[in-house]
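Notes for the one structure printed next.
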Number of protein chains: 2
Amino acid sequence: MSRTVLYMSMSLDGFVAGPNEGPDNGLGDGGHRLHEWFFAGADHKDHKDIGKLAGVDGDVWNEAMSTGAVVCGRGTAEPAGFWGGDHHDGVPIFILNRNETGAGTAQWPLVTFVSDVKVAMTEAKRAAGGKNVLVHGAGTAQLALAAGVLDEIEIHLVPVLLGQGRRLFDNLAVEHIELERTRVLDGAGATHMHYRVRR
Amino acid sequence: MSRTVLYMSMSLDGFVAGPNEGPDNGLGDGGHRLHEWFFAGADHKDHKDIGKLAGVDGDVWNEAMSTGAVVCGRGTAEPAGFWGGDHHDGVPIFILNRNETGAGTAQWPLVTFVSDVKVAMTEAKRAAGGKNVLVHGAGTAQLALAAGVLDEIEIHLVPVLLGQGRRLFDNLAVEHIELERTRVLDGAGATHMHYRVRR
């Protein structure tokens with residue numbers, strides 16, 4: 001059965017981007033540090049040039065790139081230039097965009113704008129052809145957790161304290177969300193922690 | 001050589017206590033969840049009753065309890081009743097207390113109040129008899145990191161999202177602090193991550 005899996009690189013102090021994020025500064029000041037574990041061997045700063053990552057880091061990367069659909073927020077997709085309309089392997093991309101649906105769909109045939117996180121996850125699972133759904137972005141993660149539609153979490157825990165920036169887990173309710181740790185993989189540049197969300 | 005090692009249980013979303021912390025609510029609402037990994041087999045809610053923890057969790061616990069001195073903040077020590085004056089094995093306890101030094105030393109002979117984090121770490125290393133120094137508490141960790149006097153970090157990463165509470169890593173400067181991940185141990189109730197602070 002298809003599952004929605006959040007893949008995010010996070011510093012030990014919980015940040016997924018540095019301070020001063022913006023359209024031209026998608027990872028915030030110094031936030032590129034969090035992506036060094038997979039960009040280390042790449043010539044270009046485009047994730048589609050990656051694929052020769054060694055060992056555990058490569059296994060985890062390839063797993064993420066084997067998903068059958070993508071769900072993320074506009075704040076993640078836009079600074080990345082919508083990945084030229086193709087995140088990986090031509091899979092459908094669902095972009096969570098609460099205020100403005102539809103815009104841009106003509107330009108990127110694989111892209112669908114969805115205003116509700118539950119709808120986004122349901123449609124993405126249906127479109128994923130039995131594969132998992134790659135979920136990306138802090139805002140999307142928070143909405144999905146709150147709505148109970150995130151199935152799994154894969155954190156690439158990077159050995160650095162960023163000090164300031166944007167936190168992955170923020171604005172959540174006071175109720176605990178129990179997780180089951182299902183895998184720990186010790187990569188060269190990050191420790192990959194996999195959790196199932198208990199519901 | 002003696003090293004200062006922070007030992008803290010932390011939720012995946014970075015909290016070391018729930019909300020509404022206070023003298024009578026030292027771990028905040030629901031914060032006890034973070035200590036279940038070592039209290040699971042204990043009869044009493046006093047850490048000195050622990051010691052029969054199985055496997056990896058027990059190894060890590062025993063390591064922490066093999067330290068030769070303790071440094072923590074008053075906000076950690078006071079709700080714990082100063083551990084009856086003896087944290088473990090009669091080792092010296094240095095309590096960071098910026099505003100009020102000296103008070104309480106008569107009552108607890110092992111306890112010394114220190115107003116400066118560098119002095120606290122230096123004195124604790126000297127007093128530890130060649131063993132490591134156990135550092136505890138979010139405020140103390142933040143001060144020690146900022147002052148460059150924290151040598152290592154052991155995080156007991158608990159598979160839960162608390163949602164709200166007190167964060168371990170907060171109020172840090174924007175400069176990155178690079179870490180070297182030196183050990184990952186997969187315990188029954190927590191994943192134990194050990195880091196060396198690069199300086």
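Going through the structure tokens in order, the chains are called A, B, and so on, while each chain numbers its residues from 1 and the ligands are numbered from 1 in the order shown.
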Which residues of chain A have any atom within 7 Å of an atom in chain B when counting only C-alpha atoms, and what is the closest pair of atoms for each, with the distance in Å to one decimal? Order the rows by chain and rising number and write it as a Markdown table.
| residue | atom | partner | partner_atom | distance |
| --- | --- | --- | --- | --- |
| A:Asp13 | CA | B:Phe169 | CA | 5.4 |
| A:Gly14 | CA | B:Gly14 | CA | 6.3 |
| A:Pro159 | CA | B:Leu179 | CA | 5.0 |
| A:Val160 | CA | B:Glu178 | CA | 4.5 |
| A:Leu161 | CA | B:Ile177 | CA | 5.0 |
| A:Leu162 | CA | B:His176 | CA | 4.7 |
| A:Gly163 | CA | B:Leu172 | CA | 4.8 |
| A:Gln164 | CA | B:Val174 | CA | 5.3 |
| A:Phe169 | CA | B:Asp13 | CA | 5.4 |
| A:Leu172 | CA | B:Gly163 | CA | 4.8 |
| A:Ala173 | CA | B:Gly163 | CA | 5.4 |
| A:Val174 | CA | B:Gly163 | CA | 4.9 |
| A:Glu175 | CA | B:Gly163 | CA | 6.5 |
| A:His176 | CA | B:Leu162 | CA | 4.7 |
| A:Ile177 | CA | B:Leu161 | CA | 5.0 |
| A:Glu178 | CA | B:Val160 | CA | 4.5 |
| A:Leu179 | CA | B:Pro159 | CA | 5.0 |
| A:Glu180 | CA | B:Pro159 | CA | 6.1 |
| A:Arg181 | CA | B:Pro159 | CA | 6.2 |
May I have the selected residues written with N, CA and C atoms, as a compact mmCIF listing (two decimals), in the first residue's frame?
# COMPACT_ATOMS: atom_id res chain seq x y z
N ASP A 13 19.79 20.56 15.75
CA ASP A 13 18.92 21.50 16.48
C ASP A 13 17.61 21.77 15.76
N GLY A 14 17.26 20.95 14.79
CA GLY A 14 15.89 20.95 14.28
C GLY A 14 15.59 21.86 13.11
N PRO A 159 25.00 16.38 11.23
CA PRO A 159 25.75 16.69 12.45
C PRO A 159 26.23 18.14 12.51
N VAL A 160 25.29 19.04 12.70
CA VAL A 160 25.62 20.46 12.81
C VAL A 160 24.51 21.13 13.62
N LEU A 161 24.86 22.19 14.33
CA LEU A 161 23.87 23.07 14.94
C LEU A 161 23.83 24.35 14.10
N LEU A 162 22.69 24.60 13.46
CA LEU A 162 22.58 25.81 12.63
C LEU A 162 22.40 27.05 13.49
N GLY A 163 21.82 26.89 14.66
CA GLY A 163 21.64 28.01 15.57
C GLY A 163 20.35 28.77 15.34
N GLN A 164 20.10 29.14 14.10
CA GLN A 164 18.87 29.86 13.77
C GLN A 164 18.38 29.44 12.38
N PHE A 169 9.82 20.98 12.80
CA PHE A 169 8.66 20.70 13.66
C PHE A 169 8.35 21.95 14.47
N LEU A 172 3.05 22.87 16.10
CA LEU A 172 2.22 21.68 16.31
C LEU A 172 1.40 21.83 17.58
N ALA A 173 0.34 21.07 17.67
CA ALA A 173 -0.50 21.09 18.87
C ALA A 173 0.23 20.42 20.02
N VAL A 174 -0.30 20.62 21.23
CA VAL A 174 0.38 20.11 22.42
C VAL A 174 0.21 18.60 22.57
N GLU A 175 -0.71 18.02 21.83
CA GLU A 175 -0.89 16.56 21.92
C GLU A 175 0.34 15.83 21.37
N HIS A 176 0.79 14.82 22.07
CA HIS A 176 1.94 14.05 21.59
C HIS A 176 1.56 13.26 20.34
N ILE A 177 2.51 13.15 19.44
CA ILE A 177 2.36 12.24 18.30
C ILE A 177 3.42 11.16 18.48
N GLU A 178 2.96 9.96 18.75
CA GLU A 178 3.90 8.86 18.99
C GLU A 178 4.43 8.32 17.66
N LEU A 179 5.71 8.00 17.67
CA LEU A 179 6.36 7.47 16.48
C LEU A 179 6.93 6.09 16.80
N GLU A 180 7.09 5.31 15.76
CA GLU A 180 7.82 4.05 15.91
C GLU A 180 9.07 4.14 15.04
N ARG A 181 10.22 4.01 15.69
CA ARG A 181 11.46 4.10 14.94
C ARG A 181 11.67 2.76 14.22
Among segment 1-124 of chain B, which residues carry a DSSP assignment of strand (DSSP E or B), reported as a PDB file with all heavy atoms, in the first residue's frame?
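As written to disk, states.pdb reads:
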ATOM      1  N   THR B   4      33.642  17.283  28.957  1.00  0.00           N
ATOM      2  CA  THR B   4      32.300  17.671  29.398  1.00  0.00           C
ATOM      3  C   THR B   4      31.294  17.126  28.389  1.00  0.00           C
ATOM      4  O   THR B   4      31.363  17.412  27.199  1.00  0.00           O
ATOM      5  CB  THR B   4      32.172  19.199  29.498  1.00  0.00           C
ATOM      6  OG1 THR B   4      32.508  19.787  28.232  1.00  0.00           O
ATOM      7  CG2 THR B   4      33.132  19.758  30.553  1.00  0.00           C
ATOM      8  N   VAL B   5      30.368  16.316  28.878  1.00  0.00           N
ATOM      9  CA  VAL B   5      29.430  15.609  27.993  1.00  0.00           C
ATOM     10  C   VAL B   5      27.992  15.918  28.395  1.00  0.00           C
ATOM     11  O   VAL B   5      27.576  15.610  29.513  1.00  0.00           O
ATOM     12  CB  VAL B   5      29.657  14.080  28.051  1.00  0.00           C
ATOM     13  CG1 VAL B   5      28.795  13.383  26.992  1.00  0.00           C
ATOM     14  CG2 VAL B   5      31.127  13.732  27.872  1.00  0.00           C
ATOM     15  N   LEU B   6      27.262  16.517  27.475  1.00  0.00           N
ATOM     16  CA  LEU B   6      25.838  16.775  27.714  1.00  0.00           C
ATOM     17  C   LEU B   6      25.038  15.502  27.500  1.00  0.00           C
ATOM     18  O   LEU B   6      25.119  14.896  26.427  1.00  0.00           O
ATOM     19  CB  LEU B   6      25.340  17.854  26.746  1.00  0.00           C
ATOM     20  CG  LEU B   6      23.855  18.218  26.828  1.00  0.00           C
ATOM     21  CD1 LEU B   6      23.557  19.007  28.090  1.00  0.00           C
ATOM     22  CD2 LEU B   6      23.419  18.998  25.593  1.00  0.00           C
ATOM     23  N   TYR B   7      24.288  15.090  28.501  1.00  0.00           N
ATOM     24  CA  TYR B   7      23.375  13.953  28.372  1.00  0.00           C
ATOM     25  C   TYR B   7      21.949  14.481  28.493  1.00  0.00           C
ATOM     26  O   TYR B   7      21.567  14.996  29.540  1.00  0.00           O
ATOM     27  CB  TYR B   7      23.621  12.925  29.484  1.00  0.00           C
ATOM     28  CG  TYR B   7      24.871  12.089  29.323  1.00  0.00           C
ATOM     29  CD1 TYR B   7      26.092  12.522  29.820  1.00  0.00           C
ATOM     30  CD2 TYR B   7      24.823  10.861  28.668  1.00  0.00           C
ATOM     31  CE1 TYR B   7      27.243  11.756  29.671  1.00  0.00           C
ATOM     32  CE2 TYR B   7      25.971  10.086  28.519  1.00  0.00           C
ATOM     33  CZ  TYR B   7      27.173  10.539  29.020  1.00  0.00           C
ATOM     34  OH  TYR B   7      28.312   9.776  28.871  1.00  0.00           O
ATOM     35  N   MET B   8      21.176  14.343  27.412  1.00  0.00           N
ATOM     36  CA  MET B   8      19.791  14.829  27.461  1.00  0.00           C
ATOM     37  C   MET B   8      18.871  13.926  26.651  1.00  0.00           C
ATOM     38  O   MET B   8      19.212  13.500  25.553  1.00  0.00           O
ATOM     39  CB  MET B   8      19.705  16.244  26.881  1.00  0.00           C
ATOM     40  CG  MET B   8      20.319  17.345  27.739  1.00  0.00           C
ATOM     41  SD  MET B   8      19.533  17.602  29.356  1.00  0.00           S
ATOM     42  CE  MET B   8      18.076  18.547  28.890  1.00  0.00           C
ATOM     43  N   SER B   9      17.693  13.679  27.192  1.00  0.00           N
ATOM     44  CA  SER B   9      16.626  13.010  26.446  1.00  0.00           C
ATOM     45  C   SER B   9      15.855  14.072  25.683  1.00  0.00           C
ATOM     46  O   SER B   9      15.423  15.071  26.262  1.00  0.00           O
ATOM     47  CB  SER B   9      15.677  12.289  27.399  1.00  0.00           C
ATOM     48  OG  SER B   9      16.359  11.290  28.118  1.00  0.00           O
ATOM     49  N   MET B  10      15.683  13.866  24.396  1.00  0.00           N
ATOM     50  CA  MET B  10      15.048  14.879  23.546  1.00  0.00           C
ATOM     51  C   MET B  10      14.054  14.213  22.608  1.00  0.00           C
ATOM     52  O   MET B  10      14.329  13.152  22.053  1.00  0.00           O
ATOM     53  CB  MET B  10      16.147  15.610  22.752  1.00  0.00           C
ATOM     54  CG  MET B  10      15.670  16.765  21.887  1.00  0.00           C
ATOM     55  SD  MET B  10      17.067  17.620  21.046  1.00  0.00           S
ATOM     56  CE  MET B  10      17.131  16.704  19.488  1.00  0.00           C
ATOM     57  N   SER B  11      12.911  14.832  22.405  1.00  0.00           N
ATOM     58  CA  SER B  11      11.957  14.336  21.417  1.00  0.00           C
ATOM     59  C   SER B  11      12.477  14.635  20.014  1.00  0.00           C
ATOM     60  O   SER B  11      13.348  15.495  19.847  1.00  0.00           O
ATOM     61  CB  SER B  11      10.595  15.017  21.621  1.00  0.00           C
ATOM     62  OG  SER B  11      10.707  16.413  21.395  1.00  0.00           O
ATOM     63  N   PHE B  15      12.319  18.854  21.872  1.00  0.00           N
ATOM     64  CA  PHE B  15      11.936  19.306  23.207  1.00  0.00           C
ATOM     65  C   PHE B  15      12.539  18.421  24.293  1.00  0.00           C
ATOM     66  O   PHE B  15      12.667  17.205  24.127  1.00  0.00           O
ATOM     67  CB  PHE B  15      10.413  19.319  23.351  1.00  0.00           C
ATOM     68  CG  PHE B  15       9.749  20.325  22.453  1.00  0.00           C
ATOM     69  CD1 PHE B  15       9.074  19.911  21.310  1.00  0.00           C
ATOM     70  CD2 PHE B  15       9.822  21.681  22.724  1.00  0.00           C
ATOM     71  CE1 PHE B  15       8.475  20.839  20.467  1.00  0.00           C
ATOM     72  CE2 PHE B  15       9.233  22.622  21.889  1.00  0.00           C
ATOM     73  CZ  PHE B  15       8.558  22.194  20.755  1.00  0.00           C
ATOM     74  N   VAL B  16      12.902  19.062  25.410  1.00  0.00           N
ATOM     75  CA  VAL B  16      13.419  18.335  26.570  1.00  0.00           C
ATOM     76  C   VAL B  16      12.455  18.432  27.746  1.00  0.00           C
ATOM     77  O   VAL B  16      12.688  17.852  28.804  1.00  0.00           O
ATOM     78  CB  VAL B  16      14.810  18.847  26.987  1.00  0.00           C
ATOM     79  CG1 VAL B  16      15.822  18.526  25.890  1.00  0.00           C
ATOM     80  CG2 VAL B  16      14.801  20.349  27.270  1.00  0.00           C
ATOM     81  N   ALA B  17      11.379  19.177  27.567  1.00  0.00           N
ATOM     82  CA  ALA B  17      10.329  19.276  28.582  1.00  0.00           C
ATOM     83  C   ALA B  17       9.052  19.709  27.882  1.00  0.00           C
ATOM     84  O   ALA B  17       9.099  20.338  26.820  1.00  0.00           O
ATOM     85  CB  ALA B  17      10.696  20.289  29.669  1.00  0.00           C
ATOM     86  N   GLY B  22       7.635  24.226  35.803  1.00  0.00           N
ATOM     87  CA  GLY B  22       7.663  25.000  37.040  1.00  0.00           C
ATOM     88  C   GLY B  22       8.319  24.188  38.127  1.00  0.00           C
ATOM     89  O   GLY B  22       8.650  23.012  37.909  1.00  0.00           O
ATOM     90  N   ASN B  25       6.663  21.092  38.563  1.00  0.00           N
ATOM     91  CA  ASN B  25       6.359  20.436  37.291  1.00  0.00           C
ATOM     92  C   ASN B  25       7.629  20.494  36.434  1.00  0.00           C
ATOM     93  O   ASN B  25       7.654  21.067  35.358  1.00  0.00           O
ATOM     94  CB  ASN B  25       5.178  21.168  36.611  1.00  0.00           C
ATOM     95  CG  ASN B  25       4.621  20.423  35.404  1.00  0.00           C
ATOM     96  OD1 ASN B  25       4.809  19.211  35.276  1.00  0.00           O
ATOM     97  ND2 ASN B  25       3.956  21.150  34.517  1.00  0.00           N
ATOM     98  N   ALA B  69      31.841  14.035  37.847  1.00  0.00           N
ATOM     99  CA  ALA B  69      31.310  15.305  38.356  1.00  0.00           C
ATOM    100  C   ALA B  69      30.070  15.648  37.540  1.00  0.00           C
ATOM    101  O   ALA B  69      29.861  15.102  36.450  1.00  0.00           O
ATOM    102  CB  ALA B  69      32.337  16.433  38.250  1.00  0.00           C
ATOM    103  N   VAL B  70      29.257  16.535  38.088  1.00  0.00           N
ATOM    104  CA  VAL B  70      28.022  16.950  37.423  1.00  0.00           C
ATOM    105  C   VAL B  70      27.998  18.477  37.326  1.00  0.00           C
ATOM    106  O   VAL B  70      28.364  19.162  38.277  1.00  0.00           O
ATOM    107  CB  VAL B  70      26.778  16.464  38.223  1.00  0.00           C
ATOM    108  CG1 VAL B  70      25.491  17.027  37.632  1.00  0.00           C
ATOM    109  CG2 VAL B  70      26.734  14.944  38.262  1.00  0.00           C
ATOM    110  N   VAL B  71      27.586  18.983  36.158  1.00  0.00           N
ATOM    111  CA  VAL B  71      27.317  20.412  36.008  1.00  0.00           C
ATOM    112  C   VAL B  71      25.902  20.572  35.484  1.00  0.00           C
ATOM    113  O   VAL B  71      25.543  19.961  34.467  1.00  0.00           O
ATOM    114  CB  VAL B  71      28.294  21.094  35.021  1.00  0.00           C
ATOM    115  CG1 VAL B  71      27.886  22.560  34.791  1.00  0.00           C
ATOM    116  CG2 VAL B  71      29.726  21.031  35.527  1.00  0.00           C
ATOM    117  N   CYS B  72      25.095  21.352  36.162  1.00  0.00           N
ATOM    118  CA  CYS B  72      23.759  21.634  35.650  1.00  0.00           C
ATOM    119  C   CYS B  72      23.288  22.972  36.185  1.00  0.00           C
ATOM    120  O   CYS B  72      23.946  23.594  37.005  1.00  0.00           O
ATOM    121  CB  CYS B  72      22.788  20.525  36.018  1.00  0.00           C
ATOM    122  SG  CYS B  72      22.427  20.454  37.751  1.00  0.00           S
ATOM    123  N   GLY B  73      22.134  23.406  35.711  1.00  0.00           N
ATOM    124  CA  GLY B  73      21.587  24.670  36.167  1.00  0.00           C
ATOM    125  C   GLY B  73      20.702  24.477  37.383  1.00  0.00           C
ATOM    126  O   GLY B  73      20.256  23.365  37.686  1.00  0.00           O
ATOM    127  N   ILE B  93      29.005  18.198  42.568  1.00  0.00           N
ATOM    128  CA  ILE B  93      27.947  18.768  41.724  1.00  0.00           C
ATOM    129  C   ILE B  93      28.154  20.278  41.658  1.00  0.00           C
ATOM    130  O   ILE B  93      28.216  20.946  42.687  1.00  0.00           O
ATOM    131  CB  ILE B  93      26.554  18.473  42.332  1.00  0.00           C
ATOM    132  CG1 ILE B  93      26.359  16.962  42.527  1.00  0.00           C
ATOM    133  CG2 ILE B  93      25.451  19.061  41.456  1.00  0.00           C
ATOM    134  CD1 ILE B  93      25.107  16.613  43.335  1.00  0.00           C
ATOM    135  N   PHE B  94      28.261  20.779  40.430  1.00  0.00           N
ATOM    136  CA  PHE B  94      28.432  22.219  40.242  1.00  0.00           C
ATOM    137  C   PHE B  94      27.155  22.780  39.635  1.00  0.00           C
ATOM    138  O   PHE B  94      26.723  22.339  38.566  1.00  0.00           O
ATOM    139  CB  PHE B  94      29.631  22.498  39.343  1.00  0.00           C
ATOM    140  CG  PHE B  94      30.926  22.039  39.963  1.00  0.00           C
ATOM    141  CD1 PHE B  94      31.354  20.721  39.819  1.00  0.00           C
ATOM    142  CD2 PHE B  94      31.689  22.910  40.729  1.00  0.00           C
ATOM    143  CE1 PHE B  94      32.534  20.282  40.412  1.00  0.00           C
ATOM    144  CE2 PHE B  94      32.874  22.481  41.327  1.00  0.00           C
ATOM    145  CZ  PHE B  94      33.295  21.165  41.169  1.00  0.00           C
ATOM    146  N   ILE B  95      26.555  23.713  40.339  1.00  0.00           N
ATOM    147  CA  ILE B  95      25.270  24.249  39.882  1.00  0.00           C
ATOM    148  C   ILE B  95      25.453  25.676  39.404  1.00  0.00           C
ATOM    149  O   ILE B  95      25.897  26.546  40.145  1.00  0.00           O
ATOM    150  CB  ILE B  95      24.213  24.135  40.988  1.00  0.00           C
ATOM    151  CG1 ILE B  95      23.999  22.638  41.287  1.00  0.00           C
ATOM    152  CG2 ILE B  95      22.913  24.810  40.572  1.00  0.00           C
ATOM    153  CD1 ILE B  95      22.903  22.340  42.243  1.00  0.00           C
ATOM    154  N   LEU B  96      25.093  25.835  38.139  1.00  0.00           N
ATOM    155  CA  LEU B  96      25.220  27.142  37.505  1.00  0.00           C
ATOM    156  C   LEU B  96      24.069  28.026  37.969  1.00  0.00           C
ATOM    157  O   LEU B  96      22.899  27.669  37.835  1.00  0.00           O
ATOM    158  CB  LEU B  96      25.154  26.940  35.992  1.00  0.00           C
ATOM    159  CG  LEU B  96      25.884  27.922  35.099  1.00  0.00           C
ATOM    160  CD1 LEU B  96      27.349  28.004  35.482  1.00  0.00           C
ATOM    161  CD2 LEU B  96      25.742  27.472  33.651  1.00  0.00           C
ATOM    162  N   VAL B 111      27.616  20.021  46.821  1.00  0.00           N
ATOM    163  CA  VAL B 111      27.141  21.023  45.871  1.00  0.00           C
ATOM    164  C   VAL B 111      27.936  22.320  45.972  1.00  0.00           C
ATOM    165  O   VAL B 111      28.147  22.836  47.068  1.00  0.00           O
ATOM    166  CB  VAL B 111      25.633  21.305  46.102  1.00  0.00           C
ATOM    167  CG1 VAL B 111      25.186  22.522  45.287  1.00  0.00           C
ATOM    168  CG2 VAL B 111      24.797  20.089  45.757  1.00  0.00           C
ATOM    169  N   THR B 112      28.379  22.811  44.807  1.00  0.00           N
ATOM    170  CA  THR B 112      29.022  24.124  44.729  1.00  0.00           C
ATOM    171  C   THR B 112      28.247  24.971  43.724  1.00  0.00           C
ATOM    172  O   THR B 112      27.963  24.511  42.612  1.00  0.00           O
ATOM    173  CB  THR B 112      30.477  23.985  44.228  1.00  0.00           C
ATOM    174  OG1 THR B 112      31.179  23.066  45.076  1.00  0.00           O
ATOM    175  CG2 THR B 112      31.184  25.336  44.250  1.00  0.00           C
ATOM    176  N   PHE B 113      27.914  26.180  44.102  1.00  0.00           N
ATOM    177  CA  PHE B 113      27.256  27.095  43.165  1.00  0.00           C
ATOM    178  C   PHE B 113      28.317  27.918  42.456  1.00  0.00           C
ATOM    179  O   PHE B 113      29.242  28.425  43.075  1.00  0.00           O
ATOM    180  CB  PHE B 113      26.284  28.011  43.908  1.00  0.00           C
ATOM    181  CG  PHE B 113      25.043  27.308  44.364  1.00  0.00           C
ATOM    182  CD1 PHE B 113      24.992  26.685  45.609  1.00  0.00           C
ATOM    183  CD2 PHE B 113      23.929  27.244  43.545  1.00  0.00           C
ATOM    184  CE1 PHE B 113      23.861  26.023  46.027  1.00  0.00           C
ATOM    185  CE2 PHE B 113      22.781  26.582  43.962  1.00  0.00           C
ATOM    186  CZ  PHE B 113      22.751  25.971  45.198  1.00  0.00           C
ATOM    187  N   VAL B 114      28.162  28.015  41.143  1.00  0.00           N
ATOM    188  CA  VAL B 114      29.138  28.728  40.327  1.00  0.00           C
ATOM    189  C   VAL B 114      28.365  29.663  39.404  1.00  0.00           C
ATOM    190  O   VAL B 114      27.336  29.280  38.848  1.00  0.00           O
ATOM    191  CB  VAL B 114      29.987  27.741  39.491  1.00  0.00           C
ATOM    192  CG1 VAL B 114      31.056  28.481  38.714  1.00  0.00           C
ATOM    193  CG2 VAL B 114      30.606  26.679  40.384  1.00  0.00           C
TER     194      VAL B 114
END
- Nearest residue to Arg166 of chain A from the set A:Thr67, A:Pro23, A:Gly137, A:Ile153 (distances using only C-alpha atoms): A:Gly137
Could you pull out all residues of segment 35-156 of chain B with a DSSP call of alpha helix (DSSP H) and give them as a short mmCIF file (atom, residue, chain, number, x, y, z; two decimals) with N, CA and C atoms, in the first residue's frame?
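Generated file (states11.cif):
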data_model
loop_
_atom_site.label_atom_id
_atom_site.label_comp_id
_atom_site.auth_asym_id
_atom_site.auth_seq_id
_atom_site.Cartn_x
_atom_site.Cartn_y
_atom_site.Cartn_z
N GLU B 36 10.73 7.88 29.78
CA GLU B 36 10.22 6.51 29.85
C GLU B 36 11.28 5.47 29.51
N TRP B 37 12.20 5.84 28.64
CA TRP B 37 13.19 4.84 28.20
C TRP B 37 14.05 4.34 29.36
N PHE B 38 14.24 5.16 30.38
CA PHE B 38 15.03 4.63 31.51
C PHE B 38 14.20 4.38 32.75
N PHE B 39 12.99 4.90 32.79
CA PHE B 39 12.15 4.62 33.95
C PHE B 39 11.28 3.38 33.77
N GLY B 55 20.41 -4.02 27.86
CA GLY B 55 20.94 -3.70 26.53
C GLY B 55 21.58 -2.34 26.43
N VAL B 56 21.42 -1.78 25.26
CA VAL B 56 22.06 -0.52 24.90
C VAL B 56 21.61 0.61 25.83
N ASP B 57 20.31 0.65 26.14
CA ASP B 57 19.83 1.70 27.03
C ASP B 57 20.57 1.66 28.36
N GLY B 58 20.78 0.45 28.86
CA GLY B 58 21.51 0.30 30.12
C GLY B 58 22.96 0.71 30.00
N ASP B 59 23.58 0.37 28.89
CA ASP B 59 24.99 0.76 28.69
C ASP B 59 25.15 2.28 28.72
N VAL B 60 24.26 2.94 28.02
CA VAL B 60 24.35 4.41 27.95
C VAL B 60 24.06 5.01 29.32
N TRP B 61 23.07 4.46 30.00
CA TRP B 61 22.74 4.95 31.34
C TRP B 61 23.94 4.78 32.28
N ASN B 62 24.54 3.61 32.24
CA ASN B 62 25.67 3.36 33.13
C ASN B 62 26.86 4.26 32.80
N GLU B 63 27.02 4.55 31.52
CA GLU B 63 28.09 5.47 31.12
C GLU B 63 27.89 6.84 31.76
N ALA B 64 26.65 7.32 31.68
CA ALA B 64 26.36 8.64 32.28
C ALA B 64 26.60 8.62 33.78
N ARG B 74 20.43 25.57 38.06
CA ARG B 74 19.56 25.51 39.23
C ARG B 74 18.15 25.07 38.83
N GLY B 75 17.74 25.45 37.61
CA GLY B 75 16.42 25.08 37.13
C GLY B 75 16.26 23.58 36.92
N THR B 76 17.38 22.89 36.78
CA THR B 76 17.35 21.43 36.68
C THR B 76 17.44 20.80 38.06
N ALA B 77 18.31 21.35 38.89
CA ALA B 77 18.60 20.74 40.19
C ALA B 77 17.45 20.93 41.19
N VAL B 117 29.86 29.80 33.45
CA VAL B 117 29.85 28.45 32.88
C VAL B 117 31.27 27.94 32.61
N LYS B 118 32.18 28.83 32.24
CA LYS B 118 33.56 28.38 32.01
C LYS B 118 34.21 27.92 33.30
N VAL B 119 33.98 28.70 34.36
CA VAL B 119 34.52 28.33 35.67
C VAL B 119 33.92 27.00 36.12
N ALA B 120 32.60 26.86 35.90
CA ALA B 120 31.94 25.61 36.31
C ALA B 120 32.57 24.41 35.61
N MET B 121 32.80 24.53 34.31
CA MET B 121 33.36 23.40 33.56
C MET B 121 34.81 23.12 33.97
N THR B 122 35.57 24.16 34.15
CA THR B 122 36.97 23.99 34.55
C THR B 122 37.06 23.32 35.93
N GLU B 123 36.27 23.81 36.86
CA GLU B 123 36.30 23.23 38.22
C GLU B 123 35.79 21.79 38.21
N ALA B 124 34.75 21.54 37.41
CA ALA B 124 34.20 20.19 37.36
C ALA B 124 35.20 19.22 36.76
N LYS B 125 35.90 19.62 35.72
CA LYS B 125 36.92 18.74 35.13
C LYS B 125 38.01 18.44 36.14
N ARG B 126 38.40 19.46 36.87
CA ARG B 126 39.46 19.28 37.87
C ARG B 126 38.99 18.31 38.96
N ALA B 127 37.70 18.41 39.30
CA ALA B 127 37.17 17.61 40.41
C ALA B 127 36.80 16.19 39.99
N ALA B 138 18.96 22.31 29.57
CA ALA B 138 18.97 23.06 28.31
C ALA B 138 19.70 24.39 28.47
N GLY B 139 19.42 25.12 29.53
CA GLY B 139 20.06 26.42 29.73
C GLY B 139 21.57 26.28 29.85
N THR B 140 22.00 25.29 30.61
CA THR B 140 23.43 25.05 30.78
C THR B 140 24.07 24.65 29.45
N ALA B 141 23.38 23.81 28.69
CA ALA B 141 23.90 23.40 27.38
C ALA B 141 24.08 24.61 26.47
N GLN B 142 23.09 25.48 26.45
CA GLN B 142 23.18 26.67 25.58
C GLN B 142 24.33 27.58 25.98
N LEU B 143 24.49 27.80 27.29
CA LEU B 143 25.59 28.64 27.76
C LEU B 143 26.94 27.99 27.44
N ALA B 144 27.03 26.68 27.64
CA ALA B 144 28.30 25.98 27.41
C ALA B 144 28.67 25.96 25.93
N LEU B 145 27.67 25.77 25.07
CA LEU B 145 27.94 25.81 23.63
C LEU B 145 28.40 27.20 23.21
N ALA B 146 27.73 28.22 23.70
CA ALA B 146 28.08 29.59 23.33
C ALA B 146 29.49 29.94 23.82
N ALA B 147 29.86 29.41 24.97
CA ALA B 147 31.17 29.72 25.54
C ALA B 147 32.27 28.78 25.02
#
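Using only C-alpha atoms for every distance, the candidate list A:Lys131, A:His156, A:Arg199, A:His136 yields A:His156 as the residue closest to His35 of chain A.
When only C-alpha atoms are used to compute distances to Pro109 of chain B, the closest of the residues B:Val91, B:Leu34, B:Leu150, B:Ala128 turns out to be B:Val91.
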